[in-house]
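Enquirer: Below are the structure tokens for one structure; questions will follow.
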Number of protein chains: 4
Amino acid sequence: DLGHFTKDIGKIEPDYVRSFQFENKLLPLTWVVVRIDGCHFHRFSEVHEFEKPNDEQALKLMNSCAVAVLEEFEDIHFAYGVSDEYSFVLKKESELYERQPSKIISAIASFFTSTYVIKWGDFFPHKELKYPPSFDGRAVCYPTYKILLDYLAWRQVDCHINNQYNTCFWMLVKSGKTKTQSQDYLKGTQTREKNELLSRQFGIEYNSLPLIFRMGSSVFRSKVIENGIVSGKKVEGEVVVDHCNIIEHSFWEEHPHILSYS
Amino acid sequence: DLGHFTKDIGKIEPDYVRSFQFENKLLPLTWVVVRIDGCHFHRFSEVHEFEKPNDEQALKLMNSCAVAVLEEFEDIHFAYGVSDEYSFVLKKESELYERQPSKIISAIASFFTSTYVIKWGDFFPHKELKYPPSFDGRAVCYPTYKILLDYLAWRQVDCHINNQYNTCFWMLVKSGKTKTQSQDYLKGTQTREKNELLSRQFGIEYNSLPLIFRMGSSVFRSKVIENGIVSGKKVEGEVVVDHCNIIEHSFWEEHPHILSYS
Amino acid sequence: DLGHFTKDIGKIEPDYVRSFQFENKLLPLTWVVVRIDGCHFHRFSEVHEFEKPNDEQALKLMNSCAVAVLEEFEDIHFAYGVSDEYSFVLKKESELYERQPSKIISAIASFFTSTYVIKWGDFFPHKELKYPPSFDGRAVCYPTYKILLDYLAWRQVDCHINNQYNTCFWMLVKSGKTKTQSQDYLKGTQTREKNELLSRQFGIEYNSLPLIFRMGSSVFRSKVIENGIVSGKKVEGEVVVDHCNIIEHSFWEEHPHILSYS
Amino acid sequence: DLGHFTKDIGKIEPDYVRSFQFENKLLPLTWVVVRIDGCHFHRFSEVHEFEKPNDEQALKLMNSCAVAVLEEFEDIHFAYGVSDEYSFVLKKESELYERQPSKIISAIASFFTSTYVIKWGDFFPHKELKYPPSFDGRAVCYPTYKILLDYLAWRQVDCHINNQYNTCFWMLVKSGKTKTQSQDYLKGTQTREKNELLSRQFGIEYNSLPLIFRMGSSVFRSKVIENGIVSGKKVEGEVVVDHCNIIEHSFWEEHPHILSYS
């Protein structure tokens, strides 16, 4: 039996088989953003009865996983999350997995998922995880600091627009309208109209809603000051979560160490 | 505060930010193989005290996750696993995620990881999972049935070579040699010499070792025969695990439904 | 002066500069089709007063260049041309330029262009070349013989549709209609209607027009039979031009040596 | 006959055939460098009896073609040439051919080649062009101004090293040594030793050799000053050739309009 087997071994040409691999790598010296998204999380959030429009525990679980990702991958300097998505920013000089997109994306998505399952019970002690959650990912390169900030601003604008819409939508549904009626009601409304709807009809001041819902979550290392000077190459500070405005450049000017650019 | 925020929103140009995304897709009509590998599993297997050279429970956990993957992704028609790696074969015609490699690879790696963590306790009821395991992935396209079988054969040859080496190595270590001494002892030995070493020195007939160690694990849907005919387009059978010789073409000739090719 | 210069030399890190190169290669074992198209040839054909709807000399110049390309690149086994475009088919096993698309495409486009300029006078002895013509190119991989034939058929269908339309259009223009009137006249007409228009109004039997206009041009090596057997690996025959129907499979069945596939 | 043909037409699915095209594009907002190289120019220069180590007329023909390229493609802001290679720098914001590498590279290589053949007689009035010259090309993206200048400096360093070596090599050959003897003689020599060899043995001061040989050729638009101010967006000046030191940053500081960066 093994006789046949070993004879067969000789016929395989690993170099030829391997020649089909394609070796693409992300352009050096560009900011790499890896964004992961929950797969079919619409269904996942229903099955697990997440609160609508926002489930604070589910968001905190996401944030906790993002913190773990930054602790695991030191080349990731910033992350921004909203709903079931998270964007991770690798420093321009990163040589993680030799900048191979497949490996970078899958390793981050896998580690995030692993942490999500392990920490589930910490955030939902009374809810069973009914089936395996998963996240898919993609990578984009941004060649300048300015366009990277535009990307992050775009995600926060999306957070704002979606949260405002969802807050209105679910208040209408809870007030007795069907989902279709609520959609029709909101069609074409502007920011100001939505805020007025919430205020007049439901007594909700949009701006007084929790920051985590309105601003999403930013994850980064806090600045470590030793003997009065910011520590050198290695940004070592504790990983923190904040719900700040990252569209305004003042945030970045006040935290130059996060995406220190030269 | 929101005033500033909404003013800022207008400055973002999502189309421009999105234009940095690159849309590559895997060549149509080719077999796509996604291979995932455990990240730093050398350390993982030590921390979790896996048996050497093979931990049967760890392998069965891997297999159980691969079965879940085939149940989740119906375009995956075959999988082959050994040690901490698993290769998944998508049918040529698959349009999963529009054949975008990033999404396909990350979704499979993420789902596999999720299942691994959830099922850990079933296979290791008395061992705590000490930290989040993760898997990275990559994809390769194979344009012909023949070269696809060569790929799978290559993985099984690797399984054989590694398992034989590891079996010898760990028997030497268990017999009192240091790891370095054991490596030196095995340097340059051929298949036959390794088998003789196992047989004479340790009374082990290599060919009587469990198939799961020697052959790795193949995962596929069993053939469903309804009314005497193999069911049509949708291959629906139960997902099974086997430890067969996939180098010999007889396996493929006996199971034409797995990678039914035209 | 050189002192400065040589000091500067030391500062350059060629490996780093080179690391920005991306090494993509066309999937092995697939048919590579390189298609080149004339850049701004609408203008080129006007400036050089090409006959409408077809300039036979211009087509013959194109064909002559394609023959030269097949004589220069032995991995190219077939070419099909129509109007100002030409498709070149490389054998599946080609390792030309290590299958790097940039080099393959540019080398073929450049050689074709070079020949076009050199041979211009042979085909237009009384016309001066008024400015440098140029061609851009692209590559596509086709994994199966069947889809490769579909590609070639698609180009010949395009040839037919465009030629029929253009023949009608220019007959209408020559008969006194403006270009806009002619376009409007033809809008929505079917194949049969166009043939009837040509026949009734202009006394032209479409099927009696020269094959080079209706079928485009196929370029390949004629079969070489030595001592009664088709010569082996190297397809050596003289490169010929034909205006045959390559949509019908009979052509391929009668010329199996062209794209000999296993 | 056409009956069959038109029936066949219906079977082709252009969308499916087209789905095999891959649409990659060069990362936006990065400097694109297209470098073309003469194909087999070692042989070409022998057949056409180019002077060694440098044929001034051949270099001037190359430069003349590069000037034509800059006049044809307004997005190309700078070019640097040496021997049979030329690098073209597209502005960061270029949308030429929607940044598709295949088309950009092939169109530039093709236009350059076309011009080379057409202008051959102007530079070699007494030499016949014996066969079609051709150039292959490739593209690289550079995300920062600094690394772009490093790329250009690398090419000029290469020019210097090759020219110095070739000058020594051909002087030795002309003095009676064989090519192999000359190679052996030069093996391992440093810059200073080569200069001393030229000076002592052949009475040649390396630094007094023509700049075109030592520095290569830079091609760019001269600054247009209208009414005392540099003209706006469109850099319109006449295209000029210079043989300057582009490694020293002073060149770039004195010509900020060439690669005006923000």
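Labeling convention for the structure tokens: chains A, B, ... as they appear, residues from 1 per chain, ligands from 1 in order of appearance.
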I need the residues of segment 2-212 of chain A that end up classed as strand (DSSP E) by DSSP on the backbone, written out as a list in words.

Expert: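 After running DSSP on the backbone, segment 2-212 of chain A has strand (DSSP E) at Trp31, Val32, Val33, Val34, Arg35, Ile36, Asp37, Gly38, Ile76, His77, Phe78, Ala79, Tyr80, Gly81, Val82, Glu85, Tyr86, Ser87, Phe88, Val89, Leu90, Phe135, Asp136, Gly137, Arg138, Ala139, Val140, Cys141 and Tyr142 of chain A.
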
Enquirer: Could those residues be written to a file, using C-alpha atoms, as an mmCIF file, in the first residue's frame?

Expert:
```cif
data_model
loop_
_atom_site.group_PDB
_atom_site.id
_atom_site.type_symbol
_atom_site.label_atom_id
_atom_site.label_comp_id
_atom_site.auth_asym_id
_atom_site.auth_seq_id
_atom_site.Cartn_x
_atom_site.Cartn_y
_atom_site.Cartn_z
ATOM 1 C CA TRP A 31 -1.691 53.553 4.839
ATOM 2 C CA VAL A 32 -3.476 50.199 4.747
ATOM 3 C CA VAL A 33 -7.061 50.153 5.981
ATOM 4 C CA VAL A 34 -8.588 46.738 6.668
ATOM 5 C CA ARG A 35 -12.348 46.909 7.123
ATOM 6 C CA ILE A 36 -14.292 43.947 8.436
ATOM 7 C CA ASP A 37 -18.061 43.600 8.319
ATOM 8 C CA GLY A 38 -20.369 41.147 10.039
ATOM 9 C CA ILE A 76 -2.343 48.775 13.781
ATOM 10 C CA HIS A 77 -2.358 52.316 15.106
ATOM 11 C CA PHE A 78 -6.030 53.229 14.956
ATOM 12 C CA ALA A 79 -9.422 51.610 14.569
ATOM 13 C CA TYR A 80 -12.881 53.008 14.043
ATOM 14 C CA GLY A 81 -16.051 51.006 14.543
ATOM 15 C CA VAL A 82 -19.738 51.476 14.020
ATOM 16 C CA GLU A 85 -18.140 47.018 10.971
ATOM 17 C CA TYR A 86 -14.627 47.954 12.103
ATOM 18 C CA SER A 87 -11.828 49.678 10.162
ATOM 19 C CA PHE A 88 -8.229 49.054 11.199
ATOM 20 C CA VAL A 89 -5.434 51.387 10.088
ATOM 21 C CA LEU A 90 -1.935 49.938 9.699
ATOM 22 C CA PHE A 135 -16.832 38.662 9.528
ATOM 23 C CA ASP A 136 -15.531 39.256 6.035
ATOM 24 C CA GLY A 137 -12.856 41.805 5.234
ATOM 25 C CA ARG A 138 -11.170 43.883 2.575
ATOM 26 C CA ALA A 139 -8.159 46.175 2.354
ATOM 27 C CA VAL A 140 -7.628 49.592 0.772
ATOM 28 C CA CYS A 141 -4.397 51.570 0.467
ATOM 29 C CA TYR A 142 -4.378 55.310 1.044
#
```

Enquirer: Select residues of chain D: the criterion is any atom within 8 Å of an atom of chain C, counting only C-alpha atoms; output as number ranges by chain.

Expert: D: 2, 5, 8-9, 12-14, 17, 20-22, 39, 101-107, 109-111, 113-115, 117-118, 132-142, 147, 150-151, 153-154, 157, 207, 247-248

Enquirer: Rounded to one decimal, what separation in Å do you get between atom CA of Ser94 of chain C and atom CA of Phe220 of chain C?

Expert: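 Atom-to-atom, atom CA of Ser94 of chain C to atom CA of Phe220 of chain C, that is 16.4 Å.
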
Enquirer: Could you list, as a list in words, every residue within 10 Å of Val67 of chain B, counting only C-alpha atoms and ignoring same-chain residues fewer than 3 positions away?

Expert: Leu61, Met62, Asn63, Ser64, Leu70, Glu71, Glu72, Phe78, Ala79, Phe112, Ser218, Val219, Phe220, Arg221, Glu238, Val239, Val240 and Val241 of chain B

Enquirer: What's around Gln57 of chain B at 12 Å? Count only C-alpha atoms, leave out sequence neighbours fewer than 2 positions away in its own chain, and write the answer as a VMD selection string.

Expert: chain B and resid 45 48 to 52 54 to 55 59 to 64 83 119 to 127 212 to 213

Enquirer: Quick one: everything within 8 Å of Leu186 of chain B, counting only C-alpha atoms, minus sequence neighbours fewer than 2 positions away in the same chain. Send it as number ranges by chain.

Expert: B: 165, 168-169, 182-184, 188-189, 194

Enquirer: For a test of reading the model, state the distance in Å between atom CA of Glu253 of chain A and atom CA of Asp84 of chain A, rounded to one decimal.

Expert: 28.3 Å
